[in-house]
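Pasting upload-v1.txt here (compact mmCIF, C-alpha atoms):
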# COMPACT_ATOMS: atom_id res chain seq x y z
CA MET D 26 20.53 18.76 0.49
CA LYS D 27 23.32 19.40 3.00
CA THR D 28 23.45 16.89 5.84
CA ARG D 29 24.45 19.57 8.34
CA ASP D 30 21.44 21.71 7.46
CA PHE D 31 19.15 18.73 7.73
CA LEU D 32 20.45 17.78 11.18
CA LYS D 33 19.95 21.34 12.39
CA ALA D 34 16.45 21.56 10.94
CA GLY D 35 14.83 19.04 13.28
CA HIS D 36 15.50 16.72 16.21
CA TRP D 37 17.57 13.77 15.06
CA PRO D 38 17.29 11.67 18.28
CA THR D 39 13.52 11.64 17.79
CA LEU D 40 13.96 10.73 14.13
CA VAL D 41 16.19 7.78 15.07
CA ALA D 42 13.78 6.70 17.81
CA ALA D 43 10.86 6.87 15.39
CA PHE D 44 12.78 4.72 12.92
CA PHE D 45 13.79 2.10 15.49
CA TYR D 46 10.30 1.91 16.99
CA PHE D 47 8.79 1.54 13.53
CA ASP D 48 11.46 -0.96 12.47
CA MET D 49 10.90 -3.39 15.33
CA SER D 50 7.14 -2.99 15.12
CA PHE D 51 7.16 -3.83 11.44
CA MET D 52 9.32 -6.86 12.11
CA VAL D 53 6.59 -8.20 14.39
CA TRP D 54 3.72 -7.04 12.18
CA ILE D 55 4.49 -9.47 9.35
CA LEU D 56 5.79 -12.25 11.60
CA LEU D 57 3.12 -14.71 10.44
CA GLY D 58 4.33 -14.40 6.84
CA PRO D 59 7.81 -15.88 7.36
CA LEU D 60 6.33 -18.48 9.74
CA ALA D 61 3.46 -19.34 7.37
CA VAL D 62 4.97 -22.54 5.95
CA GLN D 63 5.73 -24.00 9.38
CA ILE D 64 2.40 -22.93 10.90
CA ALA D 65 0.46 -24.23 7.89
CA THR D 66 2.24 -27.60 8.11
CA ASP D 67 1.41 -28.04 11.80
CA LEU D 68 -2.19 -26.82 11.52
CA LYS D 69 -2.81 -28.37 8.06
CA LEU D 70 -3.94 -25.15 6.36
CA ASP D 71 -4.88 -24.86 2.67
CA PRO D 72 -3.57 -22.04 0.40
CA ALA D 73 -6.62 -19.82 1.01
CA GLN D 74 -6.25 -20.15 4.78
CA LYS D 75 -2.54 -19.35 4.52
CA GLY D 76 -3.35 -16.26 2.48
CA LEU D 77 -5.90 -15.02 5.00
CA MET D 78 -3.59 -15.81 7.92
CA VAL D 79 -0.76 -13.63 6.63
CA ALA D 80 -3.15 -10.93 5.39
CA LEU D 81 -5.17 -10.43 8.59
CA PRO D 82 -2.42 -8.58 10.54
CA VAL D 83 -2.12 -6.23 7.56
CA LEU D 84 -5.87 -5.53 7.59
CA ALA D 85 -6.01 -5.11 11.38
CA GLY D 86 -3.05 -2.74 11.24
CA ALA D 87 -4.79 -0.79 8.49
CA PHE D 88 -7.86 0.06 10.55
CA LEU D 89 -5.92 0.56 13.77
CA ARG D 90 -3.84 3.20 11.99
CA VAL D 91 -6.93 5.39 11.91
CA VAL D 92 -7.30 4.90 15.66
CA ASN D 93 -3.65 5.81 16.19
CA GLY D 94 -3.99 8.81 13.89
CA PHE D 95 -6.82 10.07 16.11
CA LEU D 96 -4.86 9.36 19.32
CA VAL D 97 -1.75 11.08 17.97
CA ASP D 98 -3.65 14.36 17.74
CA ARG D 99 -5.28 13.83 21.13
CA LEU D 100 -2.47 12.31 23.21
CA ARG D 101 0.48 13.38 20.99
CA PRO D 102 2.70 10.88 19.16
CA ARG D 103 5.08 9.90 21.95
CA LEU D 104 2.46 8.73 24.45
CA THR D 105 0.44 6.98 21.74
CA GLY D 106 3.53 5.01 20.74
CA ILE D 107 4.23 3.95 24.31
CA VAL D 108 0.69 2.65 24.86
CA ALA D 109 0.66 0.73 21.56
CA GLN D 110 4.05 -0.88 22.19
CA VAL D 111 3.02 -2.08 25.66
CA VAL D 112 -0.12 -3.67 24.18
CA VAL D 113 1.89 -5.58 21.56
CA ILE D 114 4.52 -6.80 24.02
CA ALA D 115 1.83 -8.02 26.43
CA GLY D 116 -0.03 -9.74 23.59
CA LEU D 117 3.05 -11.57 22.32
CA LEU D 118 3.94 -12.81 25.77
CA GLY D 119 0.37 -13.93 26.38
CA PHE D 120 0.12 -16.00 23.19
CA TRP D 121 3.58 -17.45 23.81
CA HIS D 122 2.70 -18.45 27.38
CA PHE D 123 -0.64 -20.10 26.58
CA GLY D 124 0.36 -21.38 23.13
CA VAL D 125 -1.31 -21.18 19.72
CA HIS D 126 -3.08 -24.44 18.90
CA SER D 127 -5.74 -23.65 16.29
CA TYR D 128 -6.39 -21.59 13.18
CA GLY D 129 -8.75 -19.34 15.14
CA GLN D 130 -6.01 -18.60 17.68
CA VAL D 131 -3.60 -17.76 14.86
CA LEU D 132 -6.13 -15.25 13.51
CA ALA D 133 -6.54 -13.75 17.00
CA LEU D 134 -2.76 -13.36 17.18
CA GLY D 135 -2.90 -11.64 13.80
CA VAL D 136 -5.20 -8.97 15.23
CA VAL D 137 -2.73 -8.28 18.05
CA LEU D 138 0.09 -8.04 15.52
CA GLY D 139 -2.03 -5.47 13.71
CA VAL D 140 -1.40 -3.09 16.63
CA ALA D 141 2.30 -3.24 15.74
CA GLY D 142 1.45 -2.41 12.12
CA ALA D 143 -0.43 0.68 13.32
CA SER D 144 2.92 2.10 14.53
CA PHE D 145 3.11 3.75 11.11
CA ALA D 146 0.55 6.34 12.25
CA VAL D 147 2.76 7.18 15.25
CA ALA D 148 6.28 7.17 13.85
CA LEU D 149 5.62 9.38 10.84
CA PRO D 150 3.83 12.26 12.64
CA LEU D 151 6.41 12.04 15.45
CA ALA D 152 9.18 12.67 12.92
CA SER D 153 7.30 14.91 10.49
CA ARG D 154 6.35 17.59 13.00
CA TRP D 155 10.01 18.37 13.67
CA TYR D 156 10.91 19.18 10.04
CA PRO D 157 10.11 22.00 7.56
CA PRO D 158 8.55 21.29 4.12
CA GLN D 159 11.82 21.09 2.20
CA TYR D 160 12.99 18.16 4.37
CA GLN D 161 9.73 16.22 4.63
CA GLY D 162 10.66 13.71 1.95
CA VAL D 163 13.95 12.65 3.48
CA ALA D 164 12.74 12.85 7.12
CA LEU D 165 9.68 10.71 6.47
CA GLY D 166 11.75 8.47 4.23
CA ILE D 167 14.15 7.77 7.11
CA ALA D 168 11.36 7.20 9.62
CA GLY D 169 9.43 5.13 7.10
CA ALA D 170 12.50 3.01 6.36
CA GLY D 171 11.37 1.09 9.41
CA ASN D 172 9.79 -1.09 6.73
CA SER D 173 13.18 -2.80 6.85
CA GLY D 174 12.02 -4.59 9.99
CA THR D 175 10.30 -7.00 7.66
CA VAL D 176 13.77 -8.09 6.53
CA PHE D 177 14.66 -9.27 10.05
CA ALA D 178 11.45 -11.26 10.27
CA ALA D 179 12.10 -12.94 6.92
CA LEU D 180 15.75 -13.66 7.75
CA PHE D 181 15.50 -14.95 11.30
CA ALA D 182 11.96 -16.14 12.05
CA PRO D 183 12.03 -19.35 9.91
CA ALA D 184 15.50 -20.31 11.13
CA LEU D 185 14.60 -19.69 14.79
CA ALA D 186 11.38 -21.63 14.33
CA ALA D 187 13.33 -24.60 12.94
CA VAL D 188 15.40 -24.68 16.14
CA PHE D 189 13.00 -23.56 18.89
CA GLY D 190 9.56 -24.04 17.33
CA TRP D 191 7.41 -21.31 15.84
CA ASN D 192 5.40 -20.77 19.03
CA ASN D 193 8.58 -19.83 20.91
CA VAL D 194 9.46 -17.34 18.18
CA ILE D 195 6.33 -15.42 19.19
CA GLY D 196 7.75 -14.99 22.68
CA LEU D 197 11.24 -14.16 21.43
CA ALA D 198 9.79 -11.34 19.32
CA ALA D 199 8.90 -9.46 22.51
CA LEU D 200 12.60 -8.97 23.32
CA PRO D 201 13.55 -6.55 20.51
CA LEU D 202 10.25 -4.72 21.02
CA THR D 203 11.17 -4.15 24.66
CA LEU D 204 14.58 -2.80 23.63
CA ALA D 205 12.94 -0.47 21.10
CA LEU D 206 10.53 0.77 23.76
CA ALA D 207 13.40 1.59 26.13
CA PHE D 208 15.21 3.55 23.39
CA TYR D 209 11.97 5.32 22.49
CA LEU D 210 11.38 6.37 26.10
CA ALA D 211 14.91 7.76 26.31
CA CYS D 212 15.15 9.61 22.98
CA ALA D 213 11.74 10.43 21.51
CA LYS D 214 10.27 13.88 22.13
CA ASP D 215 7.16 15.56 20.81
CA SER D 216 7.73 18.61 18.66
CA PRO D 217 6.84 21.92 20.36
CA SER D 218 4.77 22.66 17.25
CA GLN D 219 1.67 20.51 17.59
CA PRO D 220 -1.66 21.06 15.80
CA ARG D 221 -4.67 21.42 18.05
CA ALA D 222 -6.80 18.36 18.62
CA LYS D 223 -9.65 18.25 16.11
CA SER D 224 -13.25 17.21 16.56
CA LEU D 225 -14.66 14.17 14.78
CA THR D 226 -16.53 16.56 12.49
CA GLU D 227 -13.25 18.16 11.45
CA TYR D 228 -11.76 14.75 10.78
CA ALA D 229 -14.71 13.92 8.56
CA GLN D 230 -14.15 17.16 6.66
CA VAL D 231 -10.77 15.88 5.49
CA LEU D 232 -12.58 13.08 3.66
CA ARG D 233 -14.61 15.66 1.76
CA GLN D 234 -11.46 16.76 -0.02
CA PRO D 235 -10.76 14.77 -3.20
CA ASP D 236 -6.99 14.96 -2.68
CA ALA D 237 -7.33 12.89 0.51
CA TRP D 238 -8.94 10.07 -1.45
CA TRP D 239 -6.29 10.26 -4.18
CA PHE D 240 -3.50 9.89 -1.63
CA MET D 241 -5.32 6.99 -0.03
CA PHE D 242 -5.56 5.24 -3.38
CA TYR D 243 -1.94 5.91 -4.36
CA TYR D 244 -0.67 4.50 -1.06
CA ALA D 245 -2.99 1.51 -1.30
CA VAL D 246 -0.99 0.57 -4.39
CA THR D 247 2.56 1.40 -3.26
CA PHE D 248 2.44 0.30 0.37
CA GLY D 249 -0.22 -2.29 -0.33
CA GLY D 250 2.07 -3.93 -2.86
CA PHE D 251 5.05 -3.75 -0.52
CA SER D 252 3.34 -5.07 2.61
CA GLY D 253 1.28 -7.65 0.73
CA LEU D 254 4.35 -9.12 -0.94
CA ALA D 255 6.38 -8.94 2.26
CA SER D 256 3.69 -11.00 4.01
CA SER D 257 3.12 -13.59 1.28
CA LEU D 258 6.42 -14.15 -0.53
CA GLY D 259 7.49 -16.76 2.02
CA PHE D 260 4.76 -19.19 1.07
CA TYR D 261 4.99 -18.08 -2.58
CA PHE D 262 8.64 -19.11 -2.88
CA ASN D 263 7.89 -22.33 -0.99
CA SER D 264 4.98 -23.28 -3.24
CA GLN D 265 6.23 -21.91 -6.56
CA TYR D 266 9.84 -23.09 -6.38
CA GLY D 267 9.75 -25.82 -3.72
CA LEU D 268 12.10 -23.98 -1.37
CA ASP D 269 12.33 -24.94 2.29
CA PRO D 270 11.06 -22.32 4.80
CA VAL D 271 14.51 -20.97 5.66
CA THR D 272 15.61 -20.55 2.02
CA ALA D 273 12.23 -19.04 1.15
CA GLY D 274 12.80 -16.60 4.00
CA TYR D 275 16.17 -15.57 2.56
CA CYS D 276 14.59 -14.89 -0.85
CA THR D 277 11.81 -12.91 0.79
CA ALA D 278 14.37 -10.91 2.77
CA ALA D 279 16.20 -9.96 -0.44
CA CYS D 280 12.99 -8.58 -1.92
CA VAL D 281 11.93 -6.77 1.22
CA LEU D 282 15.40 -5.31 1.80
CA ALA D 283 15.33 -3.77 -1.66
CA GLY D 284 11.98 -2.10 -1.06
CA SER D 285 12.60 -0.88 2.46
CA LEU D 286 16.07 0.58 1.82
CA MET D 287 14.78 2.49 -1.18
CA ARG D 288 11.97 4.24 0.71
CA PRO D 289 14.19 7.12 1.97
CA VAL D 290 15.81 7.27 -1.48
CA GLY D 291 12.36 7.72 -2.99
CA GLY D 292 11.65 10.51 -0.52
CA ALA D 293 14.97 12.26 -1.12
CA LEU D 294 14.64 12.05 -4.91
CA SER D 295 11.10 13.40 -4.61
CA ASP D 296 12.44 16.37 -2.64
CA ARG D 297 14.81 17.02 -5.52
CA PHE D 298 12.74 16.20 -8.61
CA GLY D 299 9.17 16.30 -7.33
CA GLY D 300 6.92 13.59 -5.93
CA ILE D 301 4.68 13.54 -8.99
CA ARG D 302 7.54 12.82 -11.39
CA MET D 303 8.86 10.08 -9.14
CA LEU D 304 5.48 8.39 -8.72
CA THR D 305 4.85 8.46 -12.46
CA ALA D 306 8.08 6.59 -13.15
CA LEU D 307 7.69 4.20 -10.23
CA TYR D 308 4.12 3.17 -11.02
CA SER D 309 5.24 2.41 -14.58
CA VAL D 310 8.02 0.14 -13.35
CA ALA D 311 5.72 -1.56 -10.84
CA VAL D 312 3.11 -2.35 -13.50
CA ALA D 313 5.69 -3.95 -15.76
CA ALA D 314 7.31 -5.95 -12.94
CA LEU D 315 4.01 -7.27 -11.55
CA ILE D 316 2.88 -8.39 -14.99
CA LEU D 317 6.15 -10.24 -15.53
CA ALA D 318 5.96 -11.79 -12.05
CA SER D 319 2.53 -13.18 -12.86
CA PHE D 320 4.06 -15.58 -15.39
CA GLY D 321 5.86 -17.46 -12.60
CA PHE D 322 9.09 -18.11 -14.47
CA ALA D 323 10.61 -21.54 -13.83
CA GLN D 324 14.05 -20.07 -13.11
CA LEU D 325 14.27 -18.94 -9.48
CA TRP D 326 16.88 -16.27 -10.20
CA LEU D 327 14.65 -14.65 -12.82
CA GLY D 328 11.53 -14.70 -10.67
CA LEU D 329 13.50 -13.32 -7.73
CA ALA D 330 15.06 -10.54 -9.83
CA ILE D 331 11.66 -9.42 -11.13
CA LEU D 332 10.17 -9.32 -7.63
CA VAL D 333 13.17 -7.34 -6.36
CA VAL D 334 12.53 -4.74 -9.08
CA ALA D 335 8.85 -4.62 -8.14
CA MET D 336 9.71 -4.07 -4.49
CA LEU D 337 12.26 -1.39 -5.39
CA ALA D 338 9.58 0.57 -7.25
CA LEU D 339 6.94 0.09 -4.57
CA GLY D 340 9.34 0.99 -1.74
CA MET D 341 10.47 4.18 -3.45
CA GLY D 342 6.83 4.94 -4.21
CA ASN D 343 6.05 4.86 -0.47
CA GLY D 344 8.61 7.60 0.08
CA ALA D 345 7.30 9.63 -2.85
CA VAL D 346 3.69 9.57 -1.62
CA PHE D 347 4.73 10.84 1.80
CA GLN D 348 6.84 13.57 0.29
CA LEU D 349 3.57 14.97 -1.06
CA VAL D 350 1.13 14.31 1.81
CA PRO D 351 2.63 16.80 4.35
CA GLN D 352 2.74 19.51 1.69
CA ARG D 353 -0.97 19.24 1.00
CA PHE D 354 -2.19 18.31 4.50
CA GLY D 355 0.42 19.70 6.88
CA ALA D 356 -2.13 20.72 9.53
CA GLU D 357 -3.90 17.36 9.30
CA ILE D 358 -0.81 15.15 9.11
CA GLY D 359 -1.92 13.00 12.06
CA VAL D 360 -5.30 12.03 10.65
CA MET D 361 -3.99 11.85 7.08
CA THR D 362 -1.20 9.51 8.13
CA GLY D 363 -3.84 7.31 9.73
CA LEU D 364 -6.19 7.40 6.75
CA VAL D 365 -3.51 6.97 4.09
CA GLY D 366 -1.80 4.28 6.15
CA MET D 367 -5.13 2.50 6.57
CA THR D 368 -5.72 2.22 2.85
CA GLY D 369 -2.13 1.11 2.38
CA GLY D 370 -2.84 -1.74 4.76
CA VAL D 371 -6.11 -2.56 2.98
CA GLY D 372 -4.15 -2.83 -0.27
CA GLY D 373 -1.68 -5.16 1.45
CA PHE D 374 -4.50 -7.31 2.81
CA TYR D 375 -5.99 -7.57 -0.66
CA LEU D 376 -2.74 -8.62 -2.35
CA ALA D 377 -1.70 -11.13 0.32
CA SER D 378 -5.13 -12.77 0.53
CA SER D 379 -5.76 -12.68 -3.22
CA LEU D 380 -2.52 -14.54 -3.94
CA GLY D 381 -3.68 -17.31 -1.63
CA PHE D 382 -7.19 -17.42 -3.10
CA SER D 383 -5.78 -17.28 -6.64
CA LYS D 384 -3.64 -20.34 -5.92
CA GLN D 385 -6.56 -22.13 -4.25
CA ILE D 386 -9.05 -21.48 -7.07
CA THR D 387 -6.92 -21.54 -10.22
CA GLY D 388 -3.82 -23.45 -9.13
CA SER D 389 -1.68 -20.42 -10.04
CA TYR D 390 -0.72 -17.05 -8.53
CA GLN D 391 -1.09 -15.25 -11.89
CA ALA D 392 -4.55 -13.77 -11.35
CA GLY D 393 -3.53 -12.17 -8.04
CA PHE D 394 -0.49 -10.49 -9.59
CA LEU D 395 -2.36 -9.30 -12.68
CA ILE D 396 -5.23 -7.71 -10.76
CA PHE D 397 -2.78 -5.75 -8.62
CA ALA D 398 -0.85 -4.70 -11.73
CA THR D 399 -4.14 -3.34 -13.05
CA LEU D 400 -4.60 -1.29 -9.88
CA ALA D 401 -1.09 0.14 -10.30
CA ALA D 402 -1.93 1.08 -13.89
CA LEU D 403 -5.11 2.82 -12.71
CA ALA D 404 -3.07 4.75 -10.14
CA LEU D 405 -0.74 5.90 -12.90
CA LEU D 406 -3.68 7.12 -14.99
CA ALA D 407 -5.23 8.87 -11.99
CA LEU D 408 -1.96 10.63 -11.16
CA THR D 409 -1.77 11.91 -14.72
CA SER D 410 -5.27 13.37 -14.37
CA VAL D 411 -4.55 15.40 -11.20
CA LYS D 412 -0.92 16.46 -11.56
CA ARG D 413 -1.65 19.70 -13.43
CA ARG D 414 -4.17 20.83 -10.82
CA TRP D 415 -1.79 19.99 -7.97
CA ARG D 416 1.06 21.96 -9.51
CA THR D 417 -1.08 25.01 -10.16
CA THR D 418 -3.19 25.14 -7.00
CA TRP D 419 -0.74 24.19 -4.25
CA THR D 420 0.60 27.63 -3.27
CA ALA D 421 3.31 29.01 -1.04
CA GLU D 422 0.78 30.12 1.60
CA ASN D 423 1.60 27.14 3.80
CA GLY D 424 5.19 26.68 2.72
CA PHE D 425 4.49 24.37 -0.21
CA ALA D 426 6.81 26.26 -2.54
CA ALA D 427 9.81 25.29 -0.40
CA ALA D 428 9.56 21.73 -1.70
CA ARG D 429 9.18 20.21 -5.15
CA ILE D 430 5.78 18.92 -6.23

Represent the structure contained in this file as structure tokens.
Amino acid sequence: MKTRDFLKAGHWPTLVAAFFYFDMSFMVWILLGPLAVQIATDLKLDPAQKGLMVALPVLAGAFLRVVNGFLVDRLRPRLTGIVAQVVVIAGLLGFWHFGVHSYGQVLALGVVLGVAGASFAVALPLASRWYPPQYQGVALGIAGAGNSGTVFAALFAPALAAVFGWNNVIGLAALPLTLALAFYLACAKDSPSQPRAKSLTEYAQVLRQPDAWWFMFYYAVTFGGFSGLASSLGFYFNSQYGLDPVTAGYCTAACVLAGSLMRPVGGALSDRFGGIRMLTALYSVAVAALILASFGFAQLWLGLAILVVAMLALGMGNGAVFQLVPQRFGAEIGVMTGLVGMTGGVGGFYLASSLGFSKQITGSYQAGFLIFATLAALALLALTSVKRRWRTTWTAENGFAAARI
């Protein structure tokens, strides 16, 4: 791919705005994960409560992605993003002003943070609609690399909380969101090529297509693994290796950085070699890494290295899935982004909460890791069963032949 051709193919200011909006939103979305140790200490939470606390924003974001997917087709991506960002900023400032003093209030905050997680269903259609099929992988990989916002949360939230208190970090988080909103207002534009708004009946028809359910399952594993680990590794490193919150945040940031930076690489390699080939290899690596991680090796460096590999595979897998989605559902990219993103969030909720419940019930995180490794293995088997049909039935009628499957 030539960079010059790519820049001419779409609208790069919108692509950058989509990335920055998504990046800052994701930073806020998993904010409770890096703060989990400090919040749990103050509110005296058990492992199961910690798991649910960090998982709830992921679940709320999952279902709100469907709402945003619907609004994107009705209001267009740019306006939907503006409304969502204003809601999150107002929510953060409200909880900061009145304070968070109970577990119930933390869960309520988690629902508000879920609105930030739903930015996925805005940023990707905003970018995707500007680019032709042969550039979908790299364009959506760049926009989707906003996953890297989770790195900033892991790096800075525990350290800021140690100095200013974790409640004040909630208020501070509104500042970068406001900056991202200003940049978004200045640079983001809707593509002149917009699909017509669909009725609820037409949205339901998408779910009658088996391929929609396959994509939802595949993303539940790749993004579910990424977001679930990003949310829960802070308390995992604290509990498993006895690290203080700040050091645990640094280890989490290393894992998350690996996964988020590799998302556009996964998309670009899928453009070149085909999304199916990439997903097959990446699911295999993820299965092996998750099984190894379940043993909870005593050496921190070894456990960290294995989790970095797992996040690399899952992050690249996110890019590979969304290299395929626009090829199959180009006219329904808004609703499909919402549906696929929703199941990705559901997968993240499951992993983050199951790690907490696994620790609470068995005294170990092994069961949580192994069950998710099993889901990744099932995704690999399912991909093997549909790949021949996809390669033989996706035709050039809608431009599919311009990209690799």

Residues near range 74-77 of chain D, cut-off 8 Å, all atoms listed in the file, skip fewer than 6 positions along chain, as a ChimeraX atom specification: /D:61,65,257,377-382

Atomic distance CA of Val350 in chain D - CA of Val312 in chain D, expressed in Å with one decimal: 22.7 Å

Expected residue set, 10 Å radius at (7.0, -20.5, 18.4), all atoms listed in the file, as a ChimeraX atom specification: /D:60,63-64,120-121,124-125,182-183,185-198

Write out the residues from the selection above, keeping C-alpha atoms, as a JSON list (two decimals), in the frame of the given file.
[["chain", "number", "residue", "atom", "x", "y", "z"],
["D", 60, "LEU", "CA", 6.33, -18.48, 9.74],
["D", 63, "GLN", "CA", 5.73, -24.00, 9.38],
["D", 64, "ILE", "CA", 2.40, -22.93, 10.90],
["D", 120, "PHE", "CA", 0.12, -16.00, 23.19],
["D", 121, "TRP", "CA", 3.58, -17.45, 23.81],
["D", 124, "GLY", "CA", 0.36, -21.38, 23.13],
["D", 125, "VAL", "CA", -1.31, -21.18, 19.72],
["D", 182, "ALA", "CA", 11.96, -16.14, 12.05],
["D", 183, "PRO", "CA", 12.03, -19.35, 9.91],
["D", 185, "LEU", "CA", 14.60, -19.69, 14.79],
["D", 186, "ALA", "CA", 11.38, -21.63, 14.33],
["D", 187, "ALA", "CA", 13.33, -24.60, 12.94],
["D", 188, "VAL", "CA", 15.40, -24.68, 16.14],
["D", 189, "PHE", "CA", 13.00, -23.56, 18.89],
["D", 190, "GLY", "CA", 9.56, -24.04, 17.33],
["D", 191, "TRP", "CA", 7.41, -21.31, 15.84],
["D", 192, "ASN", "CA", 5.40, -20.77, 19.03],
["D", 193, "ASN", "CA", 8.58, -19.83, 20.91],
["D", 194, "VAL", "CA", 9.46, -17.34, 18.18],
["D", 195, "ILE", "CA", 6.33, -15.42, 19.19],
["D", 196, "GLY", "CA", 7.75, -14.99, 22.68],
["D", 197, "LEU", "CA", 11.24, -14.16, 21.43],
["D", 198, "ALA", "CA", 9.79, -11.34, 19.32]]

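The coordinates place CA of Ser319 in chain D at 20.9 Å from CA of Val371 in chain D.
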
Among listed residues D:Gly174, D:Phe123, D:Val163, D:Ile316, nearest Gly284 in chain D (using all atoms listed in the file): D:Gly174

Selection: 8 Å around Val346 in chain D, only C-alpha atoms, excl. self and same-chain fewer than 5 positions, as a VMD selection string: chain D and resid 240 243 to 244 300 304

Option closest in space to Trp238 in chain D, from D:Met49, D:Val365, D:Leu56, D:Met78 [counting only C-alpha atoms]: D:Val365

Interatomic distance, CA of Gly142 in chain D to CA of Thr368 in chain D (Å, one decimal): 12.6 Å

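Closest approach to Ala148 in chain D from the set D:Gly94, D:Gly372, D:Gly135, D:Gly393 is made by D:Gly94, with distances taken over all atoms listed in the file.
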
Who sits within 8 Å of Gly171 in chain D, only C-alpha atoms, same chain under 2 positions skipped, as a PyMOL selection string: chain D and resi 44-49+51+167-169+173-174+285

Polymer residues at most 12 Å from Ala42 in chain D, only C-alpha atoms, same-chain spacing of 3 or more positions, as a ChimeraX atom specification: /D:36-39,45-49,102-103,106-107,147-149,151-152,167-169,171,204-215

Nearest candidate to Leu200 in chain D (options D:Val333, D:Lys384, D:Val53, D:Ala323; using all atoms listed in the file): D:Val53

Test item: which residues lie within 9 Å of (-5.6, 3.9, 5.2) counting only C-alpha atoms, as a list in words: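 All residues meeting the 9 Å criterion around (-5.6, 3.9, 5.2) are Ala87, Phe88, Arg90, Val91, Met241, Phe242, Tyr244, Ala245, Met361, Thr362, Gly363, Leu364, Val365, Gly366, Met367, Thr368, Gly369, Gly370, Val371 and Gly372 of chain D.
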
Among listed residues D:Arg99, D:Ile396, D:Thr305, D:Leu327, nearest Thr409 in chain D (using all atoms listed in the file): D:Thr305

Of the listed residues D:Leu395, D:Leu96, D:Ile386, D:Met287, that which approaches Leu317 in chain D most closely, counting all atoms listed in the file: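 Among the listed residues, D:Leu395 lies closest to Leu317 in chain D.
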
Selection near Phe322 in chain D, 12 Å with all atoms listed in the file, sequence-local residues under 5 positions removed, as an NGL selection string: :D and (262 or 265-266 or 316-317 or 327-332 or 389-391)
